[in-house]
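So the structure is just underneath, and the comments pick up after that.
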Amino acid sequence: MPLTLASRLHKYQDFVRPTTPVSSGRLTRVVGLTFETIGCKAPLGSLCLVESMNGPVKAEVVGFSGENLFLMPYEEAAGILPGAKVVPQLNLEGIPVGMELLGRVVDAVGNPLDGKGPLKASARLPQMKKNINPLTRRPISEPLDTGVKAINSMLTVGQGQRMGLFAGSGVGKSVLLGMMTRGTNADVIVVGLIGERGREVKEFIEESLGEEGGNRAVVVASPADNSPLMRLKGCETAVAMAEYYRDQGMNVLLLVDSITRYAMAQREIALAVGEPPATKGYPPSVFAKLPTLVERAGNGGEGQGSITAFYTVLSEGDDLQDPIADAARAILDGHIVLSRHLADSGHYPAIDIERSVSRVMPQVTSLEHQRHMRAFKQLYSAYQQSRDLISIGAYAAGSNPLVDLAIQMLPQMNGLLQQEMHEIVPYDEGLESLVSLVGSLVEPEVAG
């Protein structure tokens, strides 16, 4: 007898509904960062409370093997005894979101860190959200003013673009992020400080972000002494908050410092539950999570806003072939490389124009702007290619007219690329500086 629609639906619901009820269990083993339990029935990603002498410890289900569940604690687990009771918690509230969070600093799960009292959030949302259909996204067509003239004129960023900020340690990544938060024309700023030193978190909020940037920003901080699970969640919480503001029709600037720490946190979790390493110690799940995280940013559909995202990528030993740097470069819409050589010479921001690129710049700038940008790069590259000869006095004046002109104009070129930490240069002003500098090198466009 053929099945009716109602009976088919009933069978489908039976299939997707868990057949084993959620139940408590006991802790059997603690290995490194991982708790192993038996008898506990809970789905992946759910929260559990583990009994301890110091009160309940929050832990999340990150894997299972047979009847055993693997949990990862949110914080340092002290006072836990063998056989401790593990109780699943399924009534999760989600992370707080809303305009009330602007000017606040929260941790990876939305708890306030700034001592300004409890949060009064207008809504709560899950950290993970359904992916956007790529065909419903609006194309990137408008430039975003970052307040940094080197970026606005030479590496123009579009609203909804995902950019990588590649650099080693100590070359000015956080300072550049702070400059963008103060100078951008975005409606809302969401900052995720993931795996940073605790000292740097406070310095970024007070010095780099400042009062001007902080009033329209929400900061999610998960410093280096947090558990890998909290560092992972901190990044996802920042992205989820940015998604909420985008869905309200706002243009959001999302800054994540750094996506490398996010990848390292996932590596710690994956290795702890037994996933084999693949590339330089990174398991395959790391390279699966990176595009999932990045693709959540960008333009929304009709009636929604945009998320313009900057992800800092740590290049160990200034090596851009690091596995995470290589993977990030492939999934982002461009990259800004910070040079240690420029930083050591006092050139800030230390942006290496020759190695940096914005893939959507042709979509958000005029042909005239692009021609001036190319003229500047040709002039700047001509000097860099002959720099060694010039520095030792082996270059003969008159050998190459372009190099001669580059030597003459080097101070003005460096002036365009350099900017004080607290200086804000609007988009139009940066473009005017570029045109006035290399306008004589660009042939006038002939009307067809």
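Identifiers in the structure tokens: chain A, B, ... in order shown; residue index from 1 per chain; ligand index from 1 in order shown.
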
With 12 Å as the cut-off and only C-alpha atoms counted, what is the closest atom pair between each nearby residue of segment 258-317 of chain A and segment 205-225 of chain A? Distances in Å to one decimal, ordered by chain and number, as CSV.
```
residue,atom,partner,partner_atom,distance
A:Ser258,CA,A:Ser222,CA,10.8
A:Arg261,CA,A:Ala224,CA,8.7
A:Tyr262,CA,A:Ser222,CA,10.3
A:Met264,CA,A:Ala224,CA,11.0
A:Ala265,CA,A:Ala224,CA,9.9
```

Kindly export the residues of the current selection with N, CA and C atoms, as an mmCIF file, in the first residue's frame.
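Here's the written file again05.cif:
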```
data_model
loop_
_atom_site.group_PDB
_atom_site.id
_atom_site.type_symbol
_atom_site.label_atom_id
_atom_site.label_comp_id
_atom_site.auth_asym_id
_atom_site.auth_seq_id
_atom_site.Cartn_x
_atom_site.Cartn_y
_atom_site.Cartn_z
ATOM 1 N N SER A 258 43.923 37.294 15.659
ATOM 2 C CA SER A 258 44.252 36.964 14.288
ATOM 3 C C SER A 258 43.596 35.633 13.918
ATOM 4 N N ARG A 261 45.598 32.504 15.077
ATOM 5 C CA ARG A 261 45.311 31.979 16.414
ATOM 6 C C ARG A 261 44.050 31.127 16.409
ATOM 7 N N TYR A 262 43.089 31.499 15.567
ATOM 8 C CA TYR A 262 41.875 30.689 15.403
ATOM 9 C C TYR A 262 42.233 29.308 14.868
ATOM 10 N N MET A 264 45.154 27.839 15.087
ATOM 11 C CA MET A 264 45.930 27.126 16.101
ATOM 12 C C MET A 264 45.032 26.538 17.182
ATOM 13 N N ALA A 265 43.969 27.261 17.550
ATOM 14 C CA ALA A 265 43.027 26.740 18.545
ATOM 15 C C ALA A 265 42.324 25.495 18.017
#
```

Practice item. Can you pull out every residue within 9 Å of Ala263 of chain A, counting only C-alpha atoms, but drop anything in the same chain fewer than 3 positions away, and send it as a VMD selection string? Key: chain A and resid 232 259 to 260 266 to 268 282 286 to 287 289 to 290 324

Review point. To one decimal place, how far is atom CA of Leu135 of chain A from atom CA of Glu243 of chain A in Å?
Key: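 A separation of 17.7 Å between them.
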
Practice item. Quick one: everything within 9 Å of Gly45 of chain A, counting only C-alpha atoms, minus sequence neighbours fewer than 6 positions away in the same chain. Send it as a ChimeraX atom specification. Key: /A:60-63

Exercise for review: Can you work out which one of A:Leu441, A:Cys235, A:Ile140, A:Leu102 has the shortest atom-to-atom distance to Gly158 of chain A, counting only C-alpha atoms?
Suggested key: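 Of A:Leu441, A:Cys235, A:Ile140, A:Leu102, the one nearest Gly158 of chain A, counting only C-alpha atoms, is A:Ile140.
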
Counting only C-alpha atoms, what are the residues of segment 406-441 of chain A within 9 Å of segment 367-381 of chain A, and for each of them which pair of atoms is the nearest and at what distance in Å, to one decimal? Sort the table by chain and rising number, as a Markdown table.
```
| residue | atom | partner | partner_atom | distance |
| --- | --- | --- | --- | --- |
| A:Ala406 | CA | A:Leu379 | CA | 5.6 |
| A:Met409 | CA | A:Leu379 | CA | 8.8 |
| A:Leu410 | CA | A:Tyr380 | CA | 7.7 |
| A:Met413 | CA | A:Tyr380 | CA | 7.4 |
| A:Leu431 | CA | A:His369 | CA | 7.7 |
| A:Leu434 | CA | A:His372 | CA | 7.0 |
| A:Val435 | CA | A:His372 | CA | 6.4 |
| A:Leu437 | CA | A:Phe376 | CA | 8.3 |
| A:Val438 | CA | A:Phe376 | CA | 6.3 |
| A:Gly439 | CA | A:His372 | CA | 6.8 |
| A:Leu441 | CA | A:Ala375 | CA | 6.7 |
```

Could the residues in this selection be written to a file with N, CA and C atoms, as an mmCIF file, in the first residue's frame?
```cif
data_model
loop_
_atom_site.group_PDB
_atom_site.id
_atom_site.type_symbol
_atom_site.label_atom_id
_atom_site.label_comp_id
_atom_site.auth_asym_id
_atom_site.auth_seq_id
_atom_site.Cartn_x
_atom_site.Cartn_y
_atom_site.Cartn_z
ATOM 1 N N ALA A 406 62.388 58.284 -10.375
ATOM 2 C CA ALA A 406 62.019 57.644 -9.113
ATOM 3 C C ALA A 406 62.911 58.121 -7.972
ATOM 4 N N MET A 409 61.738 61.534 -6.970
ATOM 5 C CA MET A 409 60.411 61.613 -6.360
ATOM 6 C C MET A 409 60.242 60.681 -5.158
ATOM 7 N N LEU A 410 61.314 60.010 -4.748
ATOM 8 C CA LEU A 410 61.192 59.058 -3.649
ATOM 9 C C LEU A 410 60.624 59.690 -2.375
ATOM 10 N N MET A 413 56.900 59.966 -2.791
ATOM 11 C CA MET A 413 56.242 58.663 -2.808
ATOM 12 C C MET A 413 56.130 58.099 -1.394
ATOM 13 N N LEU A 431 43.131 60.237 -2.663
ATOM 14 C CA LEU A 431 43.120 60.116 -4.120
ATOM 15 C C LEU A 431 43.702 61.366 -4.777
ATOM 16 N N LEU A 434 47.447 61.204 -4.702
ATOM 17 C CA LEU A 434 47.981 60.297 -5.722
ATOM 18 C C LEU A 434 47.985 60.973 -7.090
ATOM 19 N N VAL A 435 46.899 61.646 -7.439
ATOM 20 C CA VAL A 435 46.790 62.281 -8.752
ATOM 21 C C VAL A 435 47.809 63.407 -8.894
ATOM 22 N N LEU A 437 50.630 63.638 -7.462
ATOM 23 C CA LEU A 437 51.991 63.107 -7.460
ATOM 24 C C LEU A 437 52.395 62.534 -8.807
ATOM 25 N N VAL A 438 51.519 61.712 -9.395
ATOM 26 C CA VAL A 438 51.891 61.016 -10.643
ATOM 27 C C VAL A 438 51.033 61.441 -11.823
ATOM 28 N N GLY A 439 50.251 62.515 -11.666
ATOM 29 C CA GLY A 439 49.367 62.931 -12.759
ATOM 30 C C GLY A 439 50.111 63.237 -14.038
ATOM 31 N N LEU A 441 52.601 61.713 -15.195
ATOM 32 C CA LEU A 441 53.076 60.482 -15.838
ATOM 33 C C LEU A 441 51.972 59.734 -16.557
#
```

Practice item. Write down as a list of chain:residue names the residues of segment 219-259 of chain A whose backbone DSSP state falls under helix (DSSP H, G or I). Key: A:Pro228, A:Leu229, A:Met230, A:Arg231, A:Leu232, A:Lys233, A:Gly234, A:Cys235, A:Glu236, A:Thr237, A:Ala238, A:Val239, A:Ala240, A:Met241, A:Ala242, A:Glu243, A:Tyr244, A:Tyr245, A:Arg246, A:Asp247, A:Ile259

Tell me, as a tab-separated table (two decimals) with N, CA and C atoms, in the first residue's frame, which residues lie within 12 Å of Lys149 of chain A, counting only C-alpha atoms; anything in the same chain fewer than 2 positions away does not count.
```tsv
chain	number	residue	atom	x	y	z
A	144	LEU	N	35.17	51.42	0.38
A	144	LEU	CA	35.09	51.68	1.81
A	144	LEU	C	36.25	52.58	2.19
A	145	ASP	N	35.93	53.68	2.85
A	145	ASP	CA	36.96	54.60	3.31
A	145	ASP	C	37.56	54.05	4.60
A	146	THR	N	38.85	53.71	4.59
A	146	THR	CA	39.52	53.19	5.78
A	146	THR	C	40.22	54.28	6.58
A	147	GLY	N	40.36	55.47	6.01
A	147	GLY	CA	41.09	56.54	6.69
A	147	GLY	C	42.59	56.43	6.54
A	151	ILE	N	46.10	52.70	1.71
A	151	ILE	CA	45.11	51.69	1.34
A	151	ILE	C	44.07	52.29	0.41
A	152	ASN	N	43.56	53.47	0.74
A	152	ASN	CA	42.52	54.08	-0.08
A	152	ASN	C	42.98	54.35	-1.51
A	153	SER	N	44.22	54.79	-1.67
A	153	SER	CA	44.70	55.18	-3.00
A	153	SER	C	45.29	54.03	-3.78
A	154	MET	N	46.01	53.12	-3.12
A	154	MET	CA	46.75	52.08	-3.82
A	154	MET	C	46.12	50.69	-3.72
A	155	LEU	N	45.35	50.44	-2.66
A	155	LEU	CA	44.76	49.12	-2.43
A	155	LEU	C	43.30	49.28	-2.03
A	156	THR	N	42.55	50.00	-2.84
A	156	THR	CA	41.18	50.38	-2.48
A	156	THR	C	40.35	49.15	-2.12
A	157	VAL	N	39.67	49.25	-0.98
A	157	VAL	CA	38.85	48.15	-0.46
A	157	VAL	C	37.38	48.45	-0.73
A	176	LEU	N	47.76	49.47	12.75
A	176	LEU	CA	47.04	49.69	11.49
A	176	LEU	C	45.55	49.40	11.66
A	179	MET	N	44.02	52.35	13.36
A	179	MET	CA	43.86	53.47	12.44
A	179	MET	C	42.59	53.31	11.60
A	180	MET	N	42.31	52.08	11.17
A	180	MET	CA	41.12	51.85	10.35
A	180	MET	C	39.85	52.00	11.16
A	183	GLY	N	39.21	55.71	11.39
A	183	GLY	CA	39.04	56.45	10.15
A	183	GLY	C	37.98	55.91	9.21
A	184	THR	N	37.41	54.76	9.49
A	184	THR	CA	36.47	54.16	8.55
A	184	THR	C	35.12	54.87	8.56
A	348	TYR	N	55.95	53.81	8.54
A	348	TYR	CA	54.67	53.31	9.04
A	348	TYR	C	53.51	54.03	8.35
A	349	PRO	N	52.42	53.31	8.06
A	349	PRO	CA	52.29	51.85	8.17
A	349	PRO	C	53.22	51.15	7.19
A	351	ILE	N	53.41	49.05	4.89
A	351	ILE	CA	52.74	48.30	3.83
A	351	ILE	C	53.68	48.14	2.64
A	413	MET	N	56.90	59.97	-2.79
A	413	MET	CA	56.24	58.66	-2.81
A	413	MET	C	56.13	58.10	-1.39
A	414	ASN	N	57.20	58.20	-0.63
A	414	ASN	CA	57.15	57.74	0.75
A	414	ASN	C	56.15	58.56	1.57
A	415	GLY	N	56.03	59.84	1.23
A	415	GLY	CA	55.06	60.68	1.93
A	415	GLY	C	53.64	60.23	1.70
A	416	LEU	N	53.35	59.72	0.50
A	416	LEU	CA	52.01	59.21	0.22
A	416	LEU	C	51.73	57.92	1.00
A	417	LEU	N	52.76	57.09	1.15
A	417	LEU	CA	52.57	55.78	1.78
A	417	LEU	C	52.66	55.83	3.30
A	418	GLN	N	53.20	56.91	3.87
A	418	GLN	CA	53.35	56.99	5.31
A	418	GLN	C	52.24	57.84	5.92
A	419	GLN	N	51.95	57.54	7.19
A	419	GLN	CA	50.88	58.25	7.88
A	419	GLN	C	51.06	58.10	9.38
A	420	GLU	N	50.80	59.18	10.11
A	420	GLU	CA	50.90	59.12	11.57
A	420	GLU	C	49.79	58.26	12.15
A	423	GLU	N	46.50	60.09	12.67
A	423	GLU	CA	46.08	60.90	11.53
A	423	GLU	C	45.04	60.16	10.71
A	424	ILE	N	43.98	60.86	10.33
A	424	ILE	CA	42.93	60.29	9.50
A	424	ILE	C	42.90	61.06	8.18
A	425	VAL	N	43.05	60.35	7.07
A	425	VAL	CA	43.04	60.97	5.74
A	425	VAL	C	41.82	60.46	4.99
A	426	PRO	N	40.84	61.30	4.68
A	426	PRO	CA	39.64	60.85	3.95
A	426	PRO	C	40.00	60.29	2.57
A	427	TYR	N	39.08	59.51	2.04
A	427	TYR	CA	39.29	58.83	0.76
A	427	TYR	C	39.61	59.82	-0.36
A	428	ASP	N	38.82	60.87	-0.50
A	428	ASP	CA	39.03	61.83	-1.60
A	428	ASP	C	40.38	62.53	-1.47
A	429	GLU	N	40.79	62.83	-0.24
A	429	GLU	CA	42.06	63.51	-0.05
A	429	GLU	C	43.24	62.62	-0.43
A	430	GLY	N	43.15	61.33	-0.10
A	430	GLY	CA	44.20	60.40	-0.49
A	430	GLY	C	44.29	60.25	-2.00
A	431	LEU	N	43.13	60.24	-2.66
A	431	LEU	CA	43.12	60.12	-4.12
A	431	LEU	C	43.70	61.37	-4.78
A	432	GLU	N	43.40	62.54	-4.23
A	432	GLU	CA	43.97	63.79	-4.76
A	432	GLU	C	45.49	63.80	-4.62
A	433	SER	N	46.00	63.26	-3.51
A	433	SER	CA	47.45	63.20	-3.32
A	433	SER	C	48.10	62.32	-4.38
A	434	LEU	N	47.45	61.20	-4.70
A	434	LEU	CA	47.98	60.30	-5.72
A	434	LEU	C	47.99	60.97	-7.09
```

Exercise for review: Excluding segment 32-40 of chain A and residues on its chain fewer than 5 positions from it, collect all residues at most 6 Å away from it, counting only C-alpha atoms, and give them as a PyMOL selection string.
Suggested key: chain A and resi 23-27+68-72

Keeping only N, CA and C atoms, write the selected residues as a compact mmCIF listing (two decimals), in the first residue's frame.
```txt
# COMPACT_ATOMS: atom_id res chain seq x y z
N SER A 23 21.27 12.13 28.34
CA SER A 23 21.39 11.63 29.71
C SER A 23 22.75 12.01 30.27
N SER A 24 22.85 11.97 31.60
CA SER A 24 24.09 12.30 32.29
C SER A 24 25.06 11.13 32.24
N GLY A 25 26.33 11.41 32.56
CA GLY A 25 27.34 10.37 32.57
C GLY A 25 28.39 10.64 33.62
N ARG A 26 29.49 9.90 33.51
CA ARG A 26 30.58 10.03 34.47
C ARG A 26 31.89 10.26 33.75
N LEU A 27 32.77 11.02 34.40
CA LEU A 27 34.09 11.29 33.85
C LEU A 27 34.99 10.09 34.09
N ASN A 68 31.96 6.62 24.24
CA ASN A 68 32.71 7.66 24.96
C ASN A 68 32.57 9.01 24.28
N LEU A 69 32.34 10.04 25.09
CA LEU A 69 32.26 11.40 24.60
C LEU A 69 33.52 12.16 25.00
N PHE A 70 34.01 13.03 24.09
CA PHE A 70 35.17 13.86 24.38
C PHE A 70 34.69 15.30 24.60
N LEU A 71 35.06 15.87 25.73
CA LEU A 71 34.68 17.23 26.08
C LEU A 71 35.92 18.10 26.16
N MET A 72 35.73 19.38 25.86
CA MET A 72 36.80 20.37 25.99
C MET A 72 36.29 21.47 26.92
```

Point to revise | Best match for closeness to Ser52 of chain A among A:Val30, A:Leu81, A:Leu254, A:Arg162, counting only C-alpha atoms | key: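 Of A:Val30, A:Leu81, A:Leu254, A:Arg162, the one nearest Ser52 of chain A is A:Leu81, counting only C-alpha atoms.
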
Check your understanding: Which parts of segment 42-272 of chain A does DSSP call strand (DSSP E) when run on the backbone here, written out as an MDAnalysis selection string?
Key -> chainID A and resid 47:50 57:65 68:73 85:89 95:97 105:106 123:125 143:144 157:158 162:167 188:194 217:222 251:257

Check your understanding: Closest to Ile336 of chain A among A:Phe166, A:Tyr395, A:Phe64, A:Tyr74, using only C-alpha atoms?
Key ->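 The answer is A:Phe166, which sits nearest to Ile336 of chain A.
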
**Study point:** Exercise: Asp326 of chain A partners within 12 Å, only C-alpha atoms, chain neighbours under 3 positions left out, as a PyMOL selection string
**Key:** chain A and resi 164+166+260+279+287+290+313-316+319-323+329-332+335

Practice item. Using only C-alpha atoms, pick whichever of A:Val357, A:Leu338, A:Asp352, A:Glu295 has the shortest atom-to-atom distance to Ile132 of chain A. Key: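 Once distances to Ile132 of chain A are computed over only C-alpha atoms, the minimum belongs to A:Glu295.
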
Review point. Using only C-alpha atoms, which residues sit within 10 Å of Lys129 of chain A once same-chain residues fewer than 3 positions away are excluded, as a PyMOL selection string?
Key: chain A and resi 125-126+132+236+239-240+243+296

Preceding selection exported with C-alpha atoms as a PDB file, in the first residue's frame:
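Result went into out-v9.pdb, see below:
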```pdb
ATOM      1  CA  LEU A 125      21.563  34.376  18.436  1.00  0.00           C
ATOM      2  CA  PRO A 126      23.500  31.127  17.917  1.00  0.00           C
ATOM      3  CA  ILE A 132      24.184  32.630   2.414  1.00  0.00           C
ATOM      4  CA  GLU A 236      32.961  32.810  15.801  1.00  0.00           C
ATOM      5  CA  VAL A 239      31.570  36.990  13.164  1.00  0.00           C
ATOM      6  CA  ALA A 240      28.062  36.198  14.459  1.00  0.00           C
ATOM      7  CA  GLU A 243      26.249  39.110  10.780  1.00  0.00           C
ATOM      8  CA  ARG A 296      30.261  34.295   6.457  1.00  0.00           C
TER       9      ARG A 296
END
```

Practice item. Could you please determine the separation between atom CA of His347 of chain A and atom CA of Ser386 of chain A in Å, to one decimal place? Key: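 Spanning atom CA of His347 of chain A to atom CA of Ser386 of chain A is a straight-line distance of 19.2 Å.
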
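Counting only C-alpha atoms and comparing A:Pro276, A:Leu293, A:Glu75, A:Ser65, the residue that lies closest to Asn131 of chain A is A:Leu293.
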
**Study point:** Separation of atom CA of Gln412 of chain A from atom CA of Ser366 of chain A, in Å and rounded to one decimal
**Key:** 23.3 Å

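Residue nearest Met99 of chain A within the list A:Arg138, A:Lys233, A:Lys120, A:Lys280: A:Lys120 [criterion: smallest interatomic distance, only C-alpha atoms].
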